[in-house]
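Undergrad: Enclosed is the structure file entry_15.cif (mmCIF, C-alpha atoms and all ligand atoms).
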data_target
loop_
_atom_site.label_atom_id
_atom_site.label_comp_id
_atom_site.auth_asym_id
_atom_site.auth_seq_id
_atom_site.Cartn_x
_atom_site.Cartn_y
_atom_site.Cartn_z
CA VAL A 798 0.00 0.00 0.00
CA ASP A 799 2.95 2.27 0.73
CA ARG A 800 4.10 1.67 -2.83
CA VAL A 801 0.80 2.57 -4.50
CA LEU A 802 0.59 5.78 -2.45
CA ARG A 803 4.24 6.79 -2.73
CA GLY A 804 4.85 10.08 -4.53
CA ARG A 805 1.24 10.40 -5.64
CA ILE A 806 -0.28 12.52 -2.88
CA ASP A 807 0.02 16.28 -2.71
CA ASP A 808 -1.00 17.25 0.82
CA ARG A 809 -0.78 21.00 0.23
CA PHE A 810 -3.56 21.05 -2.34
CA SER A 811 -5.29 17.82 -1.28
CA THR A 812 -4.81 16.44 -4.79
CA VAL A 813 -3.09 13.41 -6.27
CA HIS A 814 -0.67 13.04 -9.17
CA LEU A 815 -1.51 10.12 -11.39
CA GLY A 816 1.22 10.10 -14.03
CA GLY A 817 0.27 7.85 -16.93
CA LEU A 818 -3.45 8.23 -16.35
CA ASN A 819 -3.77 10.14 -19.60
CA LEU A 820 -6.94 11.95 -18.59
CA ASP A 821 -6.64 15.67 -17.93
CA ALA A 822 -8.98 17.75 -15.77
CA ARG A 823 -11.09 18.90 -18.74
CA GLU A 824 -11.51 15.33 -19.99
CA ALA A 825 -12.29 14.15 -16.47
CA ARG A 826 -15.07 16.72 -16.20
CA GLY A 827 -16.55 15.44 -19.46
CA VAL A 828 -16.93 11.86 -18.20
CA ARG A 829 -20.63 11.10 -17.71
CA ARG A 830 -20.37 7.50 -16.60
CA ILE A 831 -17.74 4.97 -15.59
CA LYS A 832 -17.85 1.27 -16.37
CA ILE A 833 -15.33 -0.99 -14.66
CA LEU A 834 -14.52 -4.42 -16.07
CA GLY A 835 -12.54 -7.25 -14.50
CA CYS A 836 -12.72 -10.91 -13.56
CA GLY A 837 -12.74 -12.66 -10.18
CA THR A 838 -10.95 -10.69 -7.52
CA SER A 839 -10.30 -7.80 -9.90
CA TYR A 840 -14.03 -7.52 -10.58
CA HIS A 841 -14.71 -7.30 -6.84
CA ALA A 842 -12.01 -4.65 -6.43
CA GLY A 843 -13.75 -2.83 -9.30
CA GLN A 844 -17.07 -2.99 -7.46
CA ILE A 845 -15.51 -1.21 -4.50
CA GLY A 846 -13.84 1.17 -6.97
CA ALA A 847 -17.21 2.01 -8.52
CA GLN A 848 -18.63 2.83 -5.10
CA LEU A 849 -15.63 5.02 -4.28
CA ILE A 850 -16.04 6.90 -7.56
CA GLU A 851 -19.75 7.44 -6.95
CA GLU A 852 -19.16 8.55 -3.36
CA LEU A 853 -16.17 10.81 -3.92
CA ALA A 854 -16.67 12.09 -7.47
CA ARG A 855 -20.45 11.69 -7.85
CA ILE A 856 -20.00 10.10 -11.29
CA PRO A 857 -22.38 7.19 -11.92
CA ALA A 858 -20.20 4.08 -11.92
CA ASP A 859 -20.63 0.35 -11.91
CA ALA A 860 -18.59 -2.80 -12.34
CA GLU A 861 -19.34 -5.86 -14.42
CA PRO A 862 -17.47 -9.12 -15.01
CA ALA A 863 -15.53 -8.60 -18.26
CA SER A 864 -16.47 -12.18 -19.15
CA GLU A 865 -20.15 -11.16 -19.24
CA PHE A 866 -19.70 -7.77 -20.84
CA ARG A 867 -17.86 -9.09 -23.88
CA TYR A 868 -20.60 -11.56 -24.80
CA ARG A 869 -23.65 -9.34 -24.51
CA ASN A 870 -23.25 -6.80 -27.30
CA PRO A 871 -23.17 -3.86 -24.87
CA VAL A 872 -23.95 -0.28 -25.81
CA VAL A 873 -20.61 1.49 -26.13
CA ASP A 874 -21.10 5.09 -25.25
CA PRO A 875 -18.55 7.86 -26.04
CA ASP A 876 -19.26 9.69 -22.77
CA THR A 877 -18.49 6.60 -20.71
CA LEU A 878 -14.97 6.03 -19.44
CA TYR A 879 -14.14 2.32 -19.35
CA ILE A 880 -11.66 0.95 -16.81
CA ALA A 881 -10.16 -2.52 -17.18
CA VAL A 882 -8.82 -4.10 -13.99
CA SER A 883 -6.39 -7.00 -13.89
CA GLN A 884 -3.59 -8.18 -11.62
CA SER A 885 -1.75 -10.11 -14.33
CA GLY A 886 -2.77 -7.79 -17.15
CA GLU A 887 -3.18 -10.90 -19.30
CA THR A 888 -6.66 -12.25 -18.45
CA TYR A 889 -8.17 -12.95 -21.84
CA ASP A 890 -11.77 -12.00 -21.05
CA VAL A 891 -10.58 -8.57 -19.93
CA LEU A 892 -8.20 -8.14 -22.83
CA ALA A 893 -10.91 -9.14 -25.34
CA ALA A 894 -13.32 -6.63 -23.78
CA VAL A 895 -10.67 -3.89 -24.01
CA GLN A 896 -9.90 -4.69 -27.64
CA GLU A 897 -13.58 -4.68 -28.55
CA LEU A 898 -14.10 -1.34 -26.77
CA LYS A 899 -11.10 0.16 -28.54
CA ARG A 900 -12.44 -1.05 -31.90
CA LYS A 901 -15.65 0.80 -31.14
CA GLY A 902 -13.76 3.99 -30.32
CA ALA A 903 -14.15 3.97 -26.52
CA ARG A 904 -11.63 5.47 -24.10
CA VAL A 905 -10.21 2.67 -21.92
CA LEU A 906 -7.96 3.02 -18.89
CA GLY A 907 -6.24 0.14 -17.13
CA VAL A 908 -5.76 -0.51 -13.43
CA VAL A 909 -3.14 -3.21 -13.63
CA ASN A 910 -0.37 -4.71 -11.54
CA VAL A 911 2.06 -6.18 -14.08
CA VAL A 912 3.96 -3.43 -15.85
CA GLY A 913 3.97 -3.72 -19.65
CA SER A 914 1.36 -6.52 -19.66
CA ALA A 915 -1.05 -6.93 -22.59
CA ILE A 916 -3.94 -5.00 -20.99
CA ALA A 917 -1.61 -2.20 -19.87
CA ARG A 918 -0.30 -1.91 -23.42
CA GLU A 919 -3.73 -1.98 -25.00
CA ALA A 920 -5.26 0.67 -22.68
CA ASP A 921 -5.08 4.41 -23.43
CA GLY A 922 -3.57 5.08 -20.03
CA GLY A 923 -4.16 4.18 -16.41
CA LEU A 924 -2.63 3.29 -13.13
CA TYR A 925 -0.20 0.64 -12.01
CA VAL A 926 -1.05 -0.65 -8.57
CA HIS A 927 2.52 -1.64 -7.59
CA ALA A 928 1.57 -4.63 -5.49
CA GLY A 929 4.76 -6.47 -6.47
CA PRO A 930 4.73 -10.01 -7.87
CA GLU A 931 1.77 -12.15 -6.77
CA VAL A 932 3.73 -15.27 -5.95
CA CYS A 933 0.66 -17.39 -5.45
CA VAL A 934 -2.17 -17.91 -7.92
CA VAL A 935 -4.74 -16.28 -5.67
CA SER A 936 -4.77 -12.51 -5.69
CA THR A 937 -4.63 -10.91 -2.21
CA LYS A 938 -2.31 -7.93 -1.77
CA CYS A 939 -3.14 -6.87 -5.31
CA PHE A 940 -6.81 -6.70 -4.33
CA THR A 941 -5.97 -4.28 -1.54
CA ASN A 942 -3.70 -2.16 -3.72
CA THR A 943 -6.23 -2.05 -6.54
CA VAL A 944 -8.86 -0.69 -4.19
CA VAL A 945 -6.38 1.87 -2.86
CA ALA A 946 -5.58 2.86 -6.47
CA PHE A 947 -9.30 3.37 -7.04
CA GLY A 948 -9.34 5.53 -3.91
CA LEU A 949 -6.68 7.74 -5.52
CA LEU A 950 -8.53 7.81 -8.83
CA ALA A 951 -11.84 8.67 -7.15
CA LEU A 952 -10.11 11.46 -5.27
CA HIS A 953 -8.58 12.76 -8.48
CA LEU A 954 -11.89 12.68 -10.33
CA GLY A 955 -13.65 14.16 -7.32
CA ARG A 956 -11.30 17.12 -7.15
CA THR A 957 -12.14 17.94 -10.78
CA ARG A 958 -15.86 17.83 -9.90
CA ASP A 959 -17.85 17.96 -6.65
CA LEU A 960 -15.44 16.88 -3.94
CA SER A 961 -14.61 19.68 -1.52
CA VAL A 962 -11.07 20.44 -0.43
CA ALA A 963 -12.03 19.49 3.13
CA ASP A 964 -13.26 16.07 2.00
CA GLY A 965 -10.16 15.64 -0.14
CA LYS A 966 -8.00 16.31 2.92
CA ARG A 967 -10.04 13.89 5.01
CA ILE A 968 -9.66 11.09 2.43
CA ILE A 969 -5.95 11.75 1.97
CA ALA A 970 -5.42 11.57 5.72
CA GLY A 971 -7.37 8.30 5.69
CA LEU A 972 -5.25 6.84 2.89
CA ARG A 973 -2.11 7.78 4.80
CA ARG A 974 -3.34 5.89 7.87
CA LEU A 975 -3.90 2.65 5.92
CA PRO A 976 -0.40 1.08 6.05
CA GLU A 977 -0.24 1.28 9.83
CA GLN A 978 -3.79 0.01 10.24
CA ILE A 979 -3.10 -2.92 7.91
CA ALA A 980 0.04 -3.73 9.90
CA ASP A 981 -2.13 -3.76 13.02
CA ILE A 982 -4.54 -6.29 11.46
CA LEU A 983 -1.70 -8.50 10.23
CA SER A 984 -0.10 -8.47 13.68
CA ARG A 985 -3.22 -10.23 14.99
CA GLU A 986 -2.88 -13.21 12.70
CA ASP A 987 -2.77 -15.66 15.67
CA GLU A 988 -6.29 -14.65 16.68
CA ILE A 989 -7.55 -15.32 13.14
CA GLU A 990 -5.68 -18.60 12.92
CA LYS A 991 -7.47 -19.80 16.07
CA LEU A 992 -10.82 -18.72 14.65
CA ALA A 993 -10.17 -20.66 11.43
CA GLU A 994 -10.33 -23.87 13.48
CA GLU A 995 -14.06 -23.29 13.89
CA PHE A 996 -14.70 -23.26 10.16
CA THR A 997 -12.77 -26.29 8.96
CA GLY A 998 -15.86 -28.46 9.52
CA ALA A 999 -18.25 -26.18 7.63
CA ARG A 1000 -19.62 -27.50 4.35
CA SER A 1001 -21.05 -24.17 3.38
CA MET A 1002 -20.82 -20.59 4.59
CA LEU A 1003 -22.71 -17.38 4.01
CA PHE A 1004 -21.04 -13.97 3.70
CA ILE A 1005 -23.11 -10.83 4.06
CA GLY A 1006 -22.46 -7.12 3.79
CA ARG A 1007 -24.45 -4.04 2.92
CA VAL A 1008 -23.47 -1.40 0.33
CA ARG A 1009 -19.74 -0.88 1.04
CA GLY A 1010 -19.58 -4.22 2.81
CA TYR A 1011 -21.17 -6.23 0.01
CA PRO A 1012 -18.21 -6.42 -2.40
CA VAL A 1013 -16.03 -7.19 0.62
CA ALA A 1014 -18.34 -10.11 1.42
CA ARG A 1015 -18.15 -11.27 -2.21
CA GLU A 1016 -14.39 -11.16 -2.30
CA ALA A 1017 -14.10 -12.91 1.08
CA SER A 1018 -16.39 -15.69 -0.09
CA LEU A 1019 -14.40 -16.09 -3.33
CA LYS A 1020 -11.15 -16.27 -1.36
CA LEU A 1021 -12.56 -19.03 0.87
CA LYS A 1022 -13.85 -20.98 -2.14
CA GLU A 1023 -10.62 -20.62 -4.12
CA VAL A 1024 -8.25 -21.88 -1.44
CA SER A 1025 -10.25 -24.04 0.97
CA TYR A 1026 -12.88 -25.46 -1.47
CA ILE A 1027 -15.59 -24.78 1.10
CA HIS A 1028 -18.77 -23.66 -0.60
CA ALA A 1029 -19.44 -20.02 0.22
CA GLU A 1030 -22.07 -17.62 -0.98
CA ALA A 1031 -22.21 -13.86 -0.61
CA TYR A 1032 -25.42 -11.89 -0.31
CA PRO A 1033 -26.27 -8.26 0.30
CA ALA A 1034 -27.43 -8.20 3.94
CA SER A 1035 -30.72 -6.66 2.89
CA GLU A 1036 -31.43 -9.57 0.53
CA LEU A 1037 -31.37 -12.11 3.38
CA LYS A 1038 -35.07 -11.72 3.95
CA HIS A 1039 -35.76 -12.36 0.27
CA GLY A 1040 -34.75 -16.00 0.40
CA PRO A 1041 -31.41 -16.95 1.94
CA LEU A 1042 -32.70 -16.79 5.53
CA ALA A 1043 -34.12 -20.23 4.77
CA LEU A 1044 -30.56 -21.57 4.79
CA ILE A 1045 -29.69 -20.37 8.29
CA GLU A 1046 -29.15 -23.11 10.85
CA PRO A 1047 -26.38 -23.97 13.33
CA ALA A 1048 -24.38 -25.82 10.67
CA MET A 1049 -24.30 -22.83 8.29
CA PRO A 1050 -21.99 -20.12 9.68
CA THR A 1051 -22.34 -16.52 8.53
CA VAL A 1052 -19.54 -14.01 8.18
CA ALA A 1053 -20.94 -10.49 8.46
CA ILE A 1054 -19.30 -7.19 7.55
CA VAL A 1055 -20.52 -4.70 10.15
CA PRO A 1056 -18.77 -1.33 9.87
CA ASP A 1057 -19.46 1.55 12.25
CA ASP A 1058 -21.22 3.71 9.72
CA ASP A 1059 -24.75 4.97 9.18
CA LEU A 1060 -25.91 1.45 8.34
CA LEU A 1061 -24.75 -0.09 11.61
CA GLU A 1062 -28.23 -0.55 13.10
CA LYS A 1063 -29.53 -2.12 9.88
CA ASN A 1064 -26.62 -4.55 9.90
CA ARG A 1065 -27.21 -5.38 13.54
CA ALA A 1066 -30.84 -6.18 12.72
CA ALA A 1067 -29.58 -8.73 10.17
CA LEU A 1068 -27.40 -10.32 12.87
CA GLU A 1069 -30.49 -10.63 15.08
CA GLU A 1070 -32.38 -12.41 12.29
CA ILE A 1071 -29.54 -14.90 11.98
CA LYS A 1072 -29.20 -15.41 15.72
CA ALA A 1073 -32.95 -16.01 16.03
CA ARG A 1074 -32.37 -19.00 13.71
CA GLU A 1075 -29.41 -20.19 15.76
CA GLY A 1076 -26.89 -19.37 13.05
CA LYS A 1077 -23.28 -18.99 14.12
CA ILE A 1078 -21.89 -15.52 13.34
CA LEU A 1079 -18.41 -14.16 12.80
CA ALA A 1080 -18.51 -10.37 12.53
CA VAL A 1081 -15.84 -8.12 11.08
CA ALA A 1082 -16.52 -4.83 12.77
CA HIS A 1083 -15.09 -1.76 14.46
CA ARG A 1084 -16.24 -2.93 17.88
CA GLU A 1085 -17.48 -6.14 19.49
CA GLN A 1086 -20.89 -7.19 18.19
CA GLU A 1087 -23.12 -8.57 20.89
CA LYS A 1088 -25.04 -10.92 18.58
CA ALA A 1089 -21.91 -12.37 17.03
CA ASP A 1090 -20.17 -15.46 18.37
CA HIS A 1091 -16.85 -13.86 17.46
CA THR A 1092 -15.90 -10.39 16.32
CA ILE A 1093 -12.71 -9.50 14.50
CA VAL A 1094 -12.24 -5.86 15.44
CA VAL A 1095 -10.49 -3.81 12.75
CA PRO A 1096 -9.27 -0.20 13.02
CA LYS A 1097 -11.71 2.48 11.88
CA ASN A 1098 -10.84 4.72 8.96
CA GLU A 1099 -12.99 7.11 6.95
CA ASP A 1100 -16.28 5.37 6.12
CA GLU A 1101 -15.46 5.33 2.38
CA LEU A 1102 -12.14 3.57 3.02
CA ASP A 1103 -13.41 0.97 5.50
CA PRO A 1104 -13.79 -1.76 2.83
CA ILE A 1105 -10.04 -1.68 2.22
CA LEU A 1106 -9.38 -2.83 5.78
CA MET A 1107 -12.32 -5.16 6.34
CA GLY A 1108 -11.32 -7.67 3.66
CA ILE A 1109 -7.83 -8.32 5.01
CA PRO A 1110 -8.74 -10.42 8.08
CA LEU A 1111 -10.98 -12.50 5.83
CA GLN A 1112 -8.11 -13.18 3.43
CA LEU A 1113 -6.25 -14.49 6.49
CA LEU A 1114 -9.27 -16.51 7.57
CA ALA A 1115 -9.45 -18.20 4.14
CA TYR A 1116 -5.70 -18.83 4.24
CA HIS A 1117 -5.69 -20.45 7.69
CA THR A 1118 -8.85 -22.44 7.06
CA ALA A 1119 -7.28 -23.84 3.87
CA LEU A 1120 -3.99 -24.53 5.65
CA LYS A 1121 -5.76 -26.49 8.37
CA LEU A 1122 -7.56 -28.50 5.70
CA GLY A 1123 -4.21 -29.35 4.10
CA ARG A 1124 -4.92 -27.50 0.85
CA ASP A 1125 -2.19 -26.30 -1.51
CA ILE A 1126 -2.73 -22.59 -0.93
CA ASP A 1127 -0.24 -21.32 -3.48
CA LYS A 1128 -1.60 -23.54 -6.23
CA PRO A 1129 -5.27 -24.22 -5.61
CA ARG A 1130 -6.90 -26.82 -7.82
CA ASN A 1131 -8.48 -25.69 -11.09
CA LEU A 1132 -7.16 -22.14 -10.88
CA ALA A 1133 -4.65 -20.65 -13.31
CA LYS A 1134 -2.41 -17.69 -12.56
CA SER A 1135 -3.82 -15.87 -15.51
CA VAL A 1136 -6.79 -17.23 -17.40
CA THR A 1137 -5.74 -16.73 -21.00
CA VAL A 1138 -8.52 -18.54 -22.82
C1 LIG B 1 -8.35 -12.59 -12.48
C2 LIG B 1 -8.54 -13.88 -11.70
C3 LIG B 1 -8.01 -13.73 -10.28
C4 LIG B 1 -7.98 -15.08 -9.56
C5 LIG B 1 -7.16 -16.10 -10.38
C6 LIG B 1 -7.75 -16.21 -11.75
O1 LIG B 1 -7.00 -12.34 -12.67
O2 LIG B 1 -9.91 -14.21 -11.66
O3 LIG B 1 -8.80 -12.83 -9.56
O4 LIG B 1 -7.41 -14.96 -8.26
O5 LIG B 1 -5.81 -15.68 -10.45
O6 LIG B 1 -7.82 -14.91 -12.38
P1 LIG B 1 -6.40 -10.94 -13.06
O7 LIG B 1 -7.08 -10.48 -14.31
O8 LIG B 1 -6.66 -10.00 -11.93
O9 LIG B 1 -4.95 -11.22 -13.27
#
Hey, can you dump this file as structure tokens for me?
Ligand code: F1P
TA:
Amino acid sequence: VDRVLRGRIDDRFSTVHLGGLNLDAREARGVRRIKILGCGTSYHAGQIGAQLIEELARIPADAEPASEFRYRNPVVDPDTLYIAVSQSGETYDVLAAVQELKRKGARVLGVVNVVGSAIAREADGGLYVHAGPEVCVVSTKCFTNTVVAFGLLALHLGRTRDLSVADGKRIIAGLRRLPEQIADILSREDEIEKLAEEFTGARSMLFIGRVRGYPVAREASLKLKEVSYIHAEAYPASELKHGPLALIEPAMPTVAIVPDDDLLEKNRAALEEIKAREGKILAVAHREQEKADHTIVVPKNEDELDPILMGIPLQLLAYHTALKLGRDIDKPRNLAKSVTV
């Protein structure tokens, strides 16, 4: 995270320098919509990115799996800025979507980790996330850095539009706090390792989050699936009552993202619904949650930046659960480093 932030923040003017972005202030002001495309973990990072852009720059933004986008004959709109996200920069579904967009005259930026990769070369500009080599197949630190890069991009776009200087300063201060807060979470790995013991027997798990917490829940469930092979499903907390509550029972643990923000009471109500059905709950929160069987307490940042921190303990949970089950974490079955077909 230090690396993605380094040299890019200008505290005096509460702005960021994004060399290589290839989008000046006038062009940024002309963007009417942002569409983010990626696969797997990069898609989830893009979902958080879209929320950051909507919150900080007030530009309508959404994320879609590149693998869906490229097969559905989408409307390509000249006022939309397209952003392709990829750790490897080689994922074929993303590359094919970028090439198709370029053929149709769209402006495409990349948010990519591997310098000089195919997607980085094909894009009109963008941001490198500087997460270093992902030595294992599963993307973890790159997820975090990609979201941080989107934080910088949202801040940049916001400062060309609606974001006030005061809010810019607040977000910059929040970004600066991240490395220390992440170190704090990582220093509590023993606690998470002990918790993982409880989940090795689960056949299936539910992950829930609301708004900012939902993509975190999705990514956490993907991480668990990828490395431990435990079935996991993510739902928006508010969708529980539209079906999935039927699944809740003692043998189906729920992991809930419960940040201290204006949705706290709503999220607590969801925990009550689960507890009333004797479901076991692990909460990731900013303080102990009474209804949860366990709470992993993470440091509080600015509300908009909370998702960056809340996913990290769940990456560790997936890791330790998989380790206890004897899985090959660095090379999970049926998963390629970059999916090039
Ligand atoms: C996308 C991705 C990863 C996943 C695995 C397979 O890769 O789905 O998220 O962990 O490596 O590919 P990328 O486009 O971000 O390199």
Undergrad: Using all atoms listed in the file, determine which residues lie at most 12 Å from Glu851 of chain A, disregarding the query and same-chain residues fewer than 3 positions distant; provide the list as a list in words.
TA: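 Once the adjacent positions are removed, what remains is Arg829, Arg830, Ile831, Lys832, Gln844, Ile845, Gly846, Ala847, Gln848, Ala854, Arg855, Ile856, Pro857, Ala858, Asp859, Ala860, Phe947, Gly948, Leu950, Ala951, Leu952, Leu954, Gly955, Arg958, Asp959, Leu960, Arg1009 and Glu1101 of chain A.
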Undergrad: Could you give me the residues within 6 Å of ligand LIG 1 (chain B), counting only C-alpha atoms and all ligand atoms, as a ChimeraX atom specification?
TA: /A:836-839,883-886,888,934-936,1133-1136
Undergrad: With a distance cut-off of 12 Å and all atoms listed in the file, select the neighbouring residues of segment 897-907 of chain A, excluding the residue or stretch itself and same-chain residues fewer than 6 positions from it, and output the selection as a VMD selection string.
TA: chain A and resid 817 to 820 824 to 825 828 830 to 835 839 843 863 866 to 887 889 to 891 913 to 926 943 946 to 947 950
Undergrad: As AutoDock Vina command-line options, what would the box around segment 840-854 of chain A look like: edges along x, y and z, 4 Å added on every side, centre and edge lengths in Å to one decimal?
TA:
--center_x -15.9 --center_y 2.3 --center_z -7.0 --size_x 15.7 --size_y 27.6 --size_z 15.2
Undergrad: What separation in Å, quoted to one decimal, exists between atom CA of Pro1041 of chain A and atom CA of Ile1078 of chain A?
TA: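 Computing the Euclidean distance for atom CA of Pro1041 of chain A and atom CA of Ile1078 of chain A yields 14.9 Å.
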Undergrad: Given all atoms listed in the file as the basis, pick out the residue of A:Ile1126, A:Val1081, A:Ile1045, A:Val962 nearest to Ile1093 of chain A.
TA: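 Of all the options, A:Val1081 lies closest to Ile1093 of chain A.
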Undergrad: What gap, in Å, lies between atom CA of Ser1001 of chain A and atom CA of Lys1128 of chain A?
TA: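 According to the coordinates, atom CA of Ser1001 of chain A and atom CA of Lys1128 of chain A are separated by 21.7 Å.
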